[in-house]
$ cat structure-v1.cif   # mmCIF, C-alpha atoms
data_my_file
#
loop_
_atom_site.label_atom_id
_atom_site.label_comp_id
_atom_site.auth_asym_id
_atom_site.auth_seq_id
_atom_site.Cartn_x
_atom_site.Cartn_y
_atom_site.Cartn_z
CA MET A 30 99.85 119.06 105.93
CA ARG A 31 99.34 120.76 102.59
CA ILE A 32 100.00 119.32 99.16
CA ALA A 33 99.46 120.68 95.65
CA VAL A 34 98.34 119.17 92.36
CA ASP A 35 98.89 120.33 88.79
CA PRO A 36 95.78 119.94 86.62
CA SER A 37 97.87 120.54 83.48
CA SER A 38 100.19 117.60 84.21
CA ALA A 39 99.95 114.36 82.23
CA VAL A 40 100.05 112.50 85.56
CA PRO A 41 96.45 111.76 86.72
CA LEU A 42 95.30 113.82 89.70
CA TYR A 43 94.74 110.77 91.93
CA ALA A 44 98.32 109.63 91.23
CA GLN A 45 99.66 113.08 92.10
CA VAL A 46 97.83 112.97 95.43
CA LYS A 47 99.00 109.42 96.10
CA ASP A 48 102.63 110.23 95.27
CA ALA A 49 102.58 113.36 97.43
CA ILE A 50 101.24 111.49 100.46
CA ARG A 51 103.65 108.58 99.91
CA ALA A 52 106.59 111.00 99.71
CA ARG A 53 105.60 112.60 103.02
CA ILE A 54 105.36 109.20 104.66
CA SER A 55 108.75 108.07 103.37
CA GLY A 56 110.26 111.46 104.29
CA GLY A 57 109.00 111.25 107.88
CA GLU A 58 106.65 114.25 107.71
CA LEU A 59 103.78 111.82 108.22
CA LYS A 60 104.47 109.26 110.95
CA PRO A 61 102.74 106.00 111.92
CA GLY A 62 99.49 106.79 113.69
CA ASP A 63 99.09 110.26 112.21
CA ARG A 64 95.54 110.97 111.11
CA LEU A 65 94.95 112.35 107.63
CA LEU A 66 92.38 114.91 106.59
CA GLY A 67 88.98 113.60 105.59
CA GLU A 68 88.15 113.18 101.92
CA VAL A 69 85.86 116.21 101.85
CA ALA A 70 88.52 118.43 103.41
CA TRP A 71 91.16 117.16 100.95
CA ALA A 72 88.83 117.79 98.02
CA GLU A 73 88.05 121.34 99.15
CA GLN A 74 91.71 122.13 99.81
CA LEU A 75 92.89 120.87 96.41
CA GLY A 76 89.86 121.87 94.36
CA ILE A 77 89.32 118.36 92.98
CA SER A 78 86.60 115.75 93.35
CA ARG A 79 86.12 113.62 96.43
CA MET A 80 86.20 110.49 94.24
CA THR A 81 89.74 111.43 93.13
CA ILE A 82 90.84 111.67 96.76
CA HIS A 83 89.02 108.42 97.59
CA ARG A 84 90.89 106.55 94.85
CA ALA A 85 94.29 107.88 95.98
CA LEU A 86 93.68 106.94 99.61
CA ARG A 87 92.20 103.55 98.71
CA GLU A 88 95.27 102.62 96.69
CA LEU A 89 97.58 103.68 99.54
CA VAL A 90 95.50 101.47 101.85
CA ASN A 91 95.91 98.60 99.39
CA GLU A 92 99.66 99.19 99.42
CA GLY A 93 99.74 99.00 103.21
CA LEU A 94 100.80 102.62 103.76
CA LEU A 95 97.48 103.73 105.25
CA ILE A 96 94.78 102.09 107.32
CA ARG A 97 91.12 103.03 107.63
CA GLN A 98 89.15 102.71 110.84
CA ARG A 99 85.39 102.97 110.69
CA ALA A 100 84.02 106.15 112.26
CA ARG A 101 87.55 107.30 113.11
CA GLY A 102 89.27 108.12 109.84
CA THR A 103 92.40 107.29 107.82
CA PHE A 104 95.77 106.89 109.53
CA VAL A 105 99.37 106.27 108.55
CA ALA A 106 100.06 102.56 109.03
CA VAL A 107 102.87 101.09 111.07
CA PRO A 108 105.57 100.07 108.54
CA ARG A 109 105.56 96.46 107.55
CA ARG A 110 108.43 94.47 108.99
CA ASP A 111 110.72 92.88 106.44
CA LYS A 112 111.91 89.35 107.18
CA VAL A 113 114.23 87.85 104.59
CA MET A 114 113.89 84.07 104.57
CA VAL A 115 114.46 82.94 101.01
CA GLU A 116 117.69 82.64 99.09
CA GLY A 117 117.52 81.02 95.69
CA PRO A 118 117.83 81.33 91.91
CA LEU A 119 116.44 84.37 90.12
CA PHE A 120 113.91 83.69 87.36
CA SER A 121 111.56 85.97 85.51
CA LEU A 122 107.89 85.00 85.58
CA THR A 123 108.16 83.87 81.95
CA GLU A 124 111.08 81.62 82.89
CA GLU A 125 109.23 80.22 85.92
CA LEU A 126 106.12 79.35 83.91
CA THR A 127 108.23 77.80 81.15
CA ARG A 128 110.13 75.66 83.68
CA ASP A 129 106.81 74.47 85.12
CA GLY A 130 105.67 73.38 81.66
CA LEU A 131 102.56 75.57 81.71
CA ALA A 132 100.84 76.95 78.61
CA PHE A 133 100.73 80.70 79.07
CA SER A 134 100.53 83.98 77.20
CA ASN A 135 101.86 87.43 77.96
CA ARG A 136 100.02 90.39 76.43
CA ILE A 137 101.42 93.91 76.65
CA LEU A 138 98.57 96.30 77.48
CA ALA A 139 100.66 99.47 77.75
CA GLN A 140 104.14 100.42 76.54
CA GLU A 141 105.15 104.04 77.05
CA VAL A 142 107.78 106.48 78.28
CA ILE A 143 106.70 108.39 81.39
CA ALA A 144 108.21 110.52 84.14
CA ALA A 145 109.30 108.35 87.07
CA ALA A 146 107.20 108.66 90.20
CA PRO A 147 109.26 109.17 93.39
CA ASP A 148 109.11 105.52 94.48
CA ILE A 149 110.11 104.21 91.04
CA ALA A 150 112.91 106.76 90.78
CA ALA A 151 114.21 105.68 94.19
CA ASP A 152 114.14 102.00 93.16
CA LEU A 153 116.11 102.74 89.99
CA ARG A 154 118.40 105.37 91.59
CA LEU A 155 117.16 108.05 89.22
CA PRO A 156 116.13 111.66 89.81
CA ALA A 157 112.39 112.05 90.38
CA GLY A 158 110.74 112.67 87.03
CA ALA A 159 113.48 111.00 84.98
CA PRO A 160 112.17 109.18 81.90
CA VAL A 161 111.37 105.50 82.38
CA VAL A 162 109.80 102.87 80.16
CA ARG A 163 106.55 101.59 81.62
CA LEU A 164 105.16 98.22 80.56
CA LEU A 165 101.83 96.79 81.70
CA SER A 166 101.56 93.08 81.01
CA LEU A 167 98.64 90.68 81.49
CA ARG A 168 99.60 87.05 82.12
CA THR A 169 97.22 84.23 81.25
CA VAL A 170 97.76 80.56 82.11
CA GLY A 171 95.55 78.27 80.13
CA ARG A 172 92.34 80.25 79.76
CA GLN A 173 92.55 81.93 83.15
CA PHE A 174 93.97 85.31 84.08
CA PHE A 175 97.00 84.79 86.32
CA ALA A 176 98.88 88.01 86.99
CA LEU A 177 99.22 91.66 86.11
CA GLU A 178 102.75 93.08 85.90
CA GLU A 179 103.69 96.76 85.89
CA MET A 180 107.36 97.11 84.96
CA HIS A 181 109.64 100.16 84.82
CA TYR A 182 113.07 100.44 83.17
CA PRO A 183 115.46 103.42 82.90
CA PHE A 184 114.76 104.87 79.44
CA ASP A 185 118.21 106.39 78.94
CA ARG A 186 119.78 102.98 79.48
CA PHE A 187 117.19 100.75 77.79
CA PRO A 188 115.38 102.84 75.13
CA ALA A 189 114.52 99.82 72.95
CA MET A 190 112.18 98.53 75.67
CA ALA A 191 109.80 101.30 74.61
CA THR A 192 109.44 100.10 71.02
CA LEU A 193 110.23 96.37 70.79
CA ASP A 194 107.39 93.88 70.43
CA LEU A 195 107.43 92.25 73.89
CA ASN A 196 104.25 90.20 73.60
CA ASN A 197 104.97 86.61 74.69
CA ARG A 198 108.62 87.51 75.13
CA SER A 199 110.75 87.39 78.29
CA THR A 200 111.90 90.85 79.36
CA TYR A 201 114.96 89.28 81.00
CA ALA A 202 115.93 87.57 77.75
CA THR A 203 115.32 90.84 75.89
CA LEU A 204 117.57 92.80 78.25
CA GLU A 205 120.27 90.15 77.81
CA ALA A 206 120.01 90.10 74.01
CA GLU A 207 119.75 93.87 73.50
CA TYR A 208 121.98 95.22 76.28
CA ASN A 209 123.86 92.32 77.89
CA ALA A 210 122.10 93.33 81.11
CA HIS A 211 120.30 90.26 82.41
CA PRO A 212 119.25 90.81 86.05
CA ASP A 213 121.74 89.05 88.31
CA GLN A 214 120.06 89.46 91.70
CA ALA A 215 116.86 90.93 93.10
CA VAL A 216 115.00 91.86 96.25
CA ASP A 217 111.30 90.91 96.39
CA HIS A 218 108.80 92.37 98.85
CA ILE A 219 105.61 90.27 99.06
CA THR A 220 102.45 91.74 100.52
CA ALA A 221 98.78 90.81 100.72
CA GLY A 222 96.14 93.28 99.60
CA THR A 223 92.87 93.72 97.78
CA ALA A 224 92.33 94.34 94.09
CA THR A 225 91.92 97.93 92.97
CA ALA A 226 89.16 98.75 90.50
CA ALA A 227 91.66 98.78 87.60
CA GLU A 228 93.26 95.48 88.66
CA ALA A 229 89.86 93.86 89.13
CA ARG A 230 88.75 94.92 85.65
CA LEU A 231 91.87 93.56 83.95
CA LEU A 232 92.02 90.32 85.98
CA GLY A 233 88.31 89.59 85.80
CA LEU A 234 87.76 89.99 89.55
CA LYS A 235 85.35 91.81 91.78
CA PRO A 236 86.97 94.89 93.39
CA GLY A 237 88.24 94.05 96.84
CA ARG A 238 89.16 90.43 96.08
CA PRO A 239 92.36 89.26 97.83
CA VAL A 240 95.58 89.54 95.80
CA LEU A 241 99.28 89.04 96.39
CA ARG A 242 101.68 91.75 95.25
CA VAL A 243 105.35 91.12 94.63
CA ARG A 244 107.44 94.27 94.30
CA ARG A 245 110.83 93.45 92.80
CA VAL A 246 113.89 95.57 92.25
CA SER A 247 116.49 93.66 90.26
CA TYR A 248 120.14 94.48 89.69
CA ASP A 249 122.75 93.59 87.10
CA ALA A 250 126.09 91.96 87.88
CA SER A 251 127.62 95.38 88.69
CA GLY A 252 124.90 96.13 91.25
CA GLN A 253 123.09 98.74 89.17
CA PRO A 254 119.25 98.66 89.19
CA VAL A 255 117.73 97.21 86.04
CA GLU A 256 113.99 97.13 86.73
CA SER A 257 111.32 98.00 89.25
CA THR A 258 108.31 95.72 88.92
CA VAL A 259 105.06 95.11 90.76
CA ALA A 260 103.34 91.81 89.94
CA THR A 261 99.78 91.37 91.19
CA PHE A 262 98.61 87.76 91.49
CA LEU A 263 95.21 86.29 92.15
CA ALA A 264 95.59 85.12 95.73
CA ASP A 265 93.82 81.79 95.13
CA ARG A 266 96.02 80.87 92.15
CA TYR A 267 99.49 81.61 93.46
CA ARG A 268 101.32 80.72 96.62
CA ILE A 269 104.88 81.23 97.75
CA VAL A 270 106.71 78.40 99.47
CA ALA A 271 109.80 79.12 101.58
CA ARG A 272 112.23 76.43 102.67
CA VAL A 273 114.23 77.73 105.63
CA PHE A 274 117.09 76.39 107.72
CA ARG A 275 118.33 77.16 111.22
CA ARG A 276 121.48 78.87 110.12
CA ALA A 277 122.55 82.42 109.32
CA LEU A 278 121.86 83.72 105.85
CA ARG A 279 124.64 86.28 105.68
CA GLY A 280 124.05 89.21 103.44
CA TRP A 281 120.26 88.66 103.32
CA ASP A 282 119.22 90.73 106.33
CA SER A 283 118.79 93.92 104.31
CA PRO A 284 118.17 95.03 100.72
CA ILE A 285 121.10 95.15 98.34
CA ALA A 286 123.33 98.10 99.11
CA PRO A 287 124.26 100.58 96.38
CA THR A 288 127.49 99.87 94.58
CA GLU A 289 130.11 102.56 95.07
#
$ encode --input "structure-v1.cif" --output "structure tokens"
Amino acid sequence: MRIAVDPSSAVPLYAQVKDAIRARISGGELKPGDRLLGEVAWAEQLGISRMTIHRALRELVNEGLLIRQRARGTFVAVPRRDKVMVEGPLFSLTEELTRDGLAFSNRILAQEVIAAAPDIAADLRLPAGAPVVRLLSLRTVGRQFFALEEMHYPFDRFPAMATLDLNNRSTYATLEAEYNAHPDQAVDHITAGTATAAEARLLGLKPGRPVLRVRRVSYDASGQPVESTVATFLADRYRIVARVFRRALRGWDSPIAPTE
């Protein structure tokens, strides 16, 4: 398998490598169990550093798309099995913390317009490379770091999200006030992983500490995607409780279908 990178692109080289491998996994070119090239071979093929390749592969391992086996190499992982068990009200994290009566803050670390990576574009039903607003938010509860949120919104639909002051402000309330587009329903995928170097630095952790990641795609009342968000929680400060019943949950055995 050959991929290419563009050194002149504003997208970091490790992200280009990661996106290219992810696209080949989702497209079926790379299948579960396939072995990838070694880091040295990748680096020589692409003309970039081994550390850049290492970071791309490590993040794909953290996302559950790849697995590493000592002395054997890096392989495409068997896809995680989705099991939908929870049906309940939709709250933003700001709304959840407010309801729980917790003292918290929400600091925006990054607010920019970027080209959508393939996975974000797919979540938002946009062409790859379409402009999206990216927000990076650090949540603190009391004096402790609690979560890191990376949020993406379609820029053409929600341009004000790129310029409004969103510190300590609910993005759901902002979407409602500015665009009458409060998320009406969402699909969350919850996975366990380990903190990347960037996550560890921002959350005050050692790299490799356990984290929980919640990837959410939310939709408005018409079924159109509103946001694609990944929230990374410290695993020892957040738990998810599911109350389940022995009865069919119709309509919750698959992600929300596109609206015609």
$ resolve_selection --input "structure-v1.cif" --expression "the PyMOL selection byres ((chain A and resi 65) around 7)" --output "ChimeraX atom specification"
/A:63-64,66-67,103-104
$ atom_distance --input "structure-v1.cif" --atom1 "CA of Arg186 (chain A)" --atom2 "CA of Leu165 (chain A)"
19.1 Å
$ closest_residue --input "structure-v1.cif" --among "A:Glu256, A:Glu207, A:Glu228, A:Glu141" --to "Pro183 (chain A)" --atoms "only C-alpha atoms"
A:Glu256
$ closest_residue --input "structure-v1.cif" --among "A:Val46, A:Val240, A:Ile82, A:Ile137" --to "Ala191 (chain A)" --atoms "only C-alpha atoms"
A:Ile137
$ atom_distance --input "structure-v1.cif" --atom1 "CA of Pro156 (chain A)" --atom2 "CA of Val34 (chain A)"
19.5 Å
$ closest_residue --input "structure-v1.cif" --among "A:Ala206, A:Ile54, A:Ala224, A:Ile143" --to "Asn91 (chain A)" --atoms "all atoms listed in the file"
A:Ala224
$ resolve_selection --input "structure-v1.cif" --expression "the PyMOL selection byres ((chain A and resi 88) around 12)" --output "MDAnalysis selection string"
chainID A and resid 43:44 46:48 50:51 81:87 89:97 222:228 236:237
$ write_last_selection --input "structure-v1.cif" --atoms "C-alpha atoms" --output "compact mmCIF listing (two decimals), in the frame of the given file"
# COMPACT_ATOMS: atom_id res chain seq x y z
CA TYR A 43 94.74 110.77 91.93
CA ALA A 44 98.32 109.63 91.23
CA VAL A 46 97.83 112.97 95.43
CA LYS A 47 99.00 109.42 96.10
CA ASP A 48 102.63 110.23 95.27
CA ILE A 50 101.24 111.49 100.46
CA ARG A 51 103.65 108.58 99.91
CA THR A 81 89.74 111.43 93.13
CA ILE A 82 90.84 111.67 96.76
CA HIS A 83 89.02 108.42 97.59
CA ARG A 84 90.89 106.55 94.85
CA ALA A 85 94.29 107.88 95.98
CA LEU A 86 93.68 106.94 99.61
CA ARG A 87 92.20 103.55 98.71
CA LEU A 89 97.58 103.68 99.54
CA VAL A 90 95.50 101.47 101.85
CA ASN A 91 95.91 98.60 99.39
CA GLU A 92 99.66 99.19 99.42
CA GLY A 93 99.74 99.00 103.21
CA LEU A 94 100.80 102.62 103.76
CA LEU A 95 97.48 103.73 105.25
CA ILE A 96 94.78 102.09 107.32
CA ARG A 97 91.12 103.03 107.63
CA GLY A 222 96.14 93.28 99.60
CA THR A 223 92.87 93.72 97.78
CA ALA A 224 92.33 94.34 94.09
CA THR A 225 91.92 97.93 92.97
CA ALA A 226 89.16 98.75 90.50
CA ALA A 227 91.66 98.78 87.60
CA GLU A 228 93.26 95.48 88.66
CA PRO A 236 86.97 94.89 93.39
CA GLY A 237 88.24 94.05 96.84
$ residues_near_point --input "structure-v1.cif" --point "(110.1, 98.9, 85.2)" --cutoff "7 Å" --atoms "only C-alpha atoms" --output "PyMOL selection string"
chain A and resi 162-164+179-182+256-258
$ resolve_selection --input "structure-v1.cif" --expression "the PyMOL selection byres ((chain A and resi 213-216) around 6)" --output "PyMOL selection string"
chain A and resi 212+217+245-250
$ atom_distance --input "structure-v1.cif" --atom1 "CA of Phe184 (chain A)" --atom2 "CA of Val142 (chain A)"
7.3 Å
$ closest_residue --input "structure-v1.cif" --among "A:Leu204, A:Ala221, A:Ala100, A:Ile149" --to "Ala52 (chain A)" --atoms "only C-alpha atoms"
A:Ile149
